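Shown next: entry_37.cif, given as mmCIF, C-alpha atoms.
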data_data
#
loop_
_atom_site.label_atom_id
_atom_site.label_comp_id
_atom_site.auth_asym_id
_atom_site.auth_seq_id
_atom_site.Cartn_x
_atom_site.Cartn_y
_atom_site.Cartn_z
CA MET A 1 -30.29 -22.88 -2.28
CA LYS A 2 -28.04 -25.69 -3.48
CA ASN A 3 -25.12 -24.24 -1.53
CA TYR A 4 -27.13 -24.10 1.66
CA LEU A 5 -28.25 -27.71 1.27
CA ALA A 6 -24.64 -28.76 0.75
CA LEU A 7 -23.63 -26.80 3.81
CA ALA A 8 -26.41 -28.36 5.90
CA THR A 9 -25.28 -31.82 4.77
CA ILE A 10 -21.68 -31.11 5.79
CA ILE A 11 -22.70 -29.71 9.16
CA SER A 12 -24.97 -32.69 9.82
CA ALA A 13 -22.16 -35.08 8.98
CA PHE A 14 -19.88 -33.34 11.47
CA SER A 15 -22.55 -33.17 14.16
CA PHE A 16 -23.42 -36.85 14.05
CA SER A 17 -19.91 -38.18 13.53
CA ALA A 18 -18.18 -36.16 16.23
CA ALA A 19 -17.25 -38.39 19.13
CA PRO A 20 -18.51 -37.20 22.52
CA GLN A 21 -15.80 -35.78 24.71
CA ALA A 22 -15.54 -36.28 28.43
CA ILE A 23 -14.56 -33.43 30.67
CA ALA A 24 -11.16 -33.93 32.24
CA HIS A 25 -12.19 -33.19 35.81
CA CYS A 26 -13.31 -36.06 37.96
CA GLN A 27 -15.52 -35.61 40.98
CA VAL A 28 -13.02 -36.50 43.67
CA PRO A 29 -11.22 -33.92 45.81
CA CYS A 30 -7.93 -34.16 43.95
CA GLY A 31 -6.78 -30.58 44.52
CA ILE A 32 -5.26 -30.41 41.03
CA TYR A 33 -7.60 -27.89 39.44
CA SER A 34 -7.59 -24.28 40.57
CA ASP A 35 -10.63 -22.07 40.36
CA ASP A 36 -8.62 -19.33 38.64
CA THR A 37 -7.54 -21.70 35.87
CA VAL A 38 -11.07 -22.97 35.34
CA LEU A 39 -12.48 -19.43 35.28
CA THR A 40 -9.81 -18.40 32.76
CA ASP A 41 -10.73 -21.42 30.63
CA LEU A 42 -14.35 -20.24 30.57
CA GLN A 43 -13.16 -16.88 29.20
CA THR A 44 -11.03 -18.63 26.56
CA HIS A 45 -13.97 -20.77 25.45
CA GLN A 46 -16.17 -17.67 25.19
CA LYS A 47 -13.57 -15.84 23.09
CA THR A 48 -13.34 -18.84 20.79
CA ILE A 49 -17.11 -18.86 20.37
CA ALA A 50 -17.14 -15.14 19.53
CA LYS A 51 -14.33 -15.63 17.00
CA ALA A 52 -16.12 -18.60 15.43
CA MET A 53 -19.33 -16.61 15.08
CA ASP A 54 -17.46 -13.79 13.39
CA GLU A 55 -15.73 -16.18 10.98
CA ILE A 56 -18.96 -18.04 10.17
CA ASN A 57 -20.70 -14.76 9.38
CA LYS A 58 -17.80 -13.57 7.17
CA LEU A 59 -17.45 -16.88 5.33
CA SER A 60 -21.21 -17.19 4.80
CA LYS A 61 -21.09 -14.35 2.30
CA ASP A 62 -19.81 -16.97 -0.15
CA ALA A 63 -21.12 -20.13 1.50
CA GLY A 64 -20.59 -22.41 -1.49
CA LYS A 65 -16.91 -21.56 -1.73
CA ASN A 66 -16.37 -21.65 2.05
CA ALA A 67 -18.59 -24.58 3.05
CA ASN A 68 -15.77 -26.63 4.58
CA GLN A 69 -14.40 -23.77 6.64
CA ILE A 70 -17.89 -22.80 7.78
CA ALA A 71 -18.54 -26.37 8.91
CA ARG A 72 -15.26 -26.44 10.83
CA TRP A 73 -16.04 -23.16 12.60
CA VAL A 74 -19.55 -24.39 13.48
CA VAL A 75 -18.16 -27.57 15.02
CA ASN A 76 -15.56 -25.54 16.92
CA LYS A 77 -18.21 -23.15 18.24
CA GLU A 78 -20.38 -26.06 19.38
CA GLU A 79 -17.50 -27.79 21.16
CA HIS A 80 -16.50 -24.70 23.11
CA ALA A 81 -20.09 -23.93 24.12
CA THR A 82 -20.45 -27.51 25.35
CA LYS A 83 -17.20 -27.19 27.33
CA ILE A 84 -18.63 -24.12 29.07
CA GLN A 85 -21.83 -25.98 29.89
CA ASP A 86 -19.92 -29.02 31.15
CA THR A 87 -17.62 -26.91 33.30
CA MET A 88 -20.50 -25.04 34.88
CA GLN A 89 -22.43 -28.25 35.56
CA GLN A 90 -19.65 -30.62 36.56
CA TYR A 91 -17.17 -28.29 38.23
CA PHE A 92 -19.11 -25.40 39.71
CA LEU A 93 -22.63 -26.71 40.30
CA ALA A 94 -21.66 -30.23 41.33
CA GLN A 95 -18.53 -29.41 43.32
CA ARG A 96 -17.72 -25.78 44.04
CA LEU A 97 -21.05 -24.16 44.93
CA LYS A 98 -21.60 -25.61 48.37
CA LEU A 99 -25.07 -26.37 49.67
CA SER A 100 -23.90 -25.25 53.11
CA GLU A 101 -23.70 -21.70 51.75
CA ILE A 102 -27.51 -21.63 51.65
CA GLU A 103 -27.45 -21.46 55.45
CA SER A 104 -24.54 -19.03 55.84
CA ASN A 105 -25.12 -16.68 52.88
CA LYS A 106 -28.25 -17.51 50.94
CA ASP A 107 -28.17 -14.33 48.79
CA ALA A 108 -24.61 -14.97 47.57
CA TYR A 109 -25.44 -18.61 46.87
CA LEU A 110 -28.54 -17.69 44.87
CA LYS A 111 -26.63 -15.07 42.84
CA LYS A 112 -24.01 -17.66 41.85
CA LEU A 113 -26.68 -20.25 41.12
CA ILE A 114 -28.64 -17.86 38.91
CA LEU A 115 -25.49 -16.75 37.06
CA SER A 116 -24.48 -20.39 36.55
CA HIS A 117 -27.84 -21.16 34.99
CA LYS A 118 -27.64 -18.06 32.83
CA ILE A 119 -24.17 -19.09 31.56
CA ILE A 120 -25.47 -22.55 30.64
CA VAL A 121 -28.46 -21.08 28.78
CA LEU A 122 -26.35 -18.45 26.97
CA ALA A 123 -23.90 -21.16 25.89
CA MET A 124 -26.89 -23.00 24.42
CA LYS A 125 -27.97 -19.83 22.59
CA CYS A 126 -24.45 -19.54 21.19
CA LYS A 127 -24.84 -23.04 19.79
CA GLN A 128 -28.14 -22.12 18.17
CA THR A 129 -27.08 -18.92 16.39
CA THR A 130 -24.22 -16.76 15.20
CA ASP A 131 -25.69 -13.68 16.88
CA ALA A 132 -22.75 -11.82 18.42
CA ASP A 133 -25.07 -10.43 21.11
CA ASN A 134 -25.32 -13.91 22.62
CA ALA A 135 -21.53 -14.18 22.80
CA LYS A 136 -21.31 -10.71 24.40
CA ALA A 137 -24.00 -11.61 26.93
CA LEU A 138 -22.12 -14.83 27.69
CA GLN A 139 -18.91 -12.88 28.28
CA GLY A 140 -20.67 -10.42 30.58
CA THR A 141 -22.30 -13.21 32.55
CA ILE A 142 -19.03 -15.12 32.93
CA ASP A 143 -17.44 -11.88 34.18
CA ALA A 144 -20.30 -11.36 36.66
CA PHE A 145 -20.07 -14.99 37.84
CA THR A 146 -16.30 -14.69 38.28
CA LYS A 147 -16.70 -11.54 40.36
CA GLU A 148 -19.46 -13.07 42.49
CA TYR A 149 -17.62 -16.38 42.88
CA LYS A 150 -14.42 -14.71 44.09
CA VAL A 151 -16.21 -12.71 46.81
CA LYS A 152 -15.13 -14.01 50.19
CA LYS A 153 -17.83 -15.88 52.07
#
File written out as structure tokens:
Amino acid sequence: MKNYLALATIISAFSFSAAPQAIAHCQVPCGIYSDDTVLTDLQTHQKTIAKAMDEINKLSKDAGKNANQIARWVVNKEEHATKIQDTMQQYFLAQRLKLSEIESNKDAYLKKLILSHKIIVLAMKCKQTTDADNAKALQGTIDAFTKEYKVKK
């Protein structure tokens, strides 16, 4: 019990002391970012989350000895899940999913919108737990979104 309290204290210290990070993409039509790069970044963030979950679960077998490493992996997992959420909200929902598509192809628009929301929620679930099923579901949903997003309008 003592070890878990120490671990909780360390994690709390990291959570409250971590400076908020701004996403690099502004909301002007700069033409610098490519969809393929952003979609690849989502995959990289998901893989990092899955790796962090695996490491946290392994290290938790001796939590007292591994408290610092566990805390670092938790912070890393949180940051990458937040990056996924930010990317979906600020890049795709705010800029790339066009409202005009509602008129031209409502079904495709709704599929992308639903998948975007699902990605955001699954990223939240990855923050809340170290359940590998959440990371797998996130990967599958990012894959489905990528496929749907790349379909020609």
What does the structure give for the distance between atom CA of Gln90 of chain A and atom CA of Lys118 of chain A, in Å to one decimal? 15.3 Å
What would the selection look like, as a PyMOL selection string, if the PyMOL selection byres ((chain A and resi 148) around 12) were run on the coordinates I just shared? chain A and resi 39+97+107-116+141-147+149-153
Test item: axis-aligned box, all listed atoms of segment 116-123 of chain A, 3 Å on each side, centre and edges in Å rounded to one decimal, as AutoDock Vina command-line options:
--center_x -26.2 --center_y -20.3 --center_z 31.2 --size_x 10.6 --size_y 10.5 --size_z 16.7
Distance in Å - atom CA of Lys83 of chain A versus atom CA of Ala132 of chain A: 18.6 Å
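With all atoms listed in the file as the atoms that count, the residue of A:Ile84, A:Leu59, A:Met53, A:Ala94 with the shortest distance to Ala123 of chain A is A:Ile84.
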Pick out the residues sitting within 12 Å of Asp133 of chain A, and hand them over as a list of chain:residue names; count only C-alpha atoms, and ignore anything fewer than 5 positions along from it in its own chain.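 Contacts, in chain order: A:Ile49, A:Ala50, A:Met53, A:Asp54, A:Leu122, A:Ala123, A:Lys125, A:Cys126, A:Leu138, A:Gln139, A:Gly140.
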Any idea what the distance is between atom CA of Thr40 of chain A and atom CA of Thr130 of chain A?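 It comes out at 22.8 Å.
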Please expand the PyMOL selection byres ((chain A and resi 60) around 12) into the concrete residues it hits in this file, giving the result as a ChimeraX atom specification. /A:3-4,7,52-59,61-71,73-74,130
Of the candidates A:Ile120, A:Leu93, A:Ile102, A:Met88, which one gets nearest to Val38 of chain A if we count all atoms listed in the file?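 Checking each candidate against Val38 of chain A, we get A:Met88 as the closest.
Of the listed residues (A:Ser100, A:Ser34, A:Thr129, A:Asn134), A:Asn134 comes nearest to Gln46 of chain A; the distances count only C-alpha atoms.
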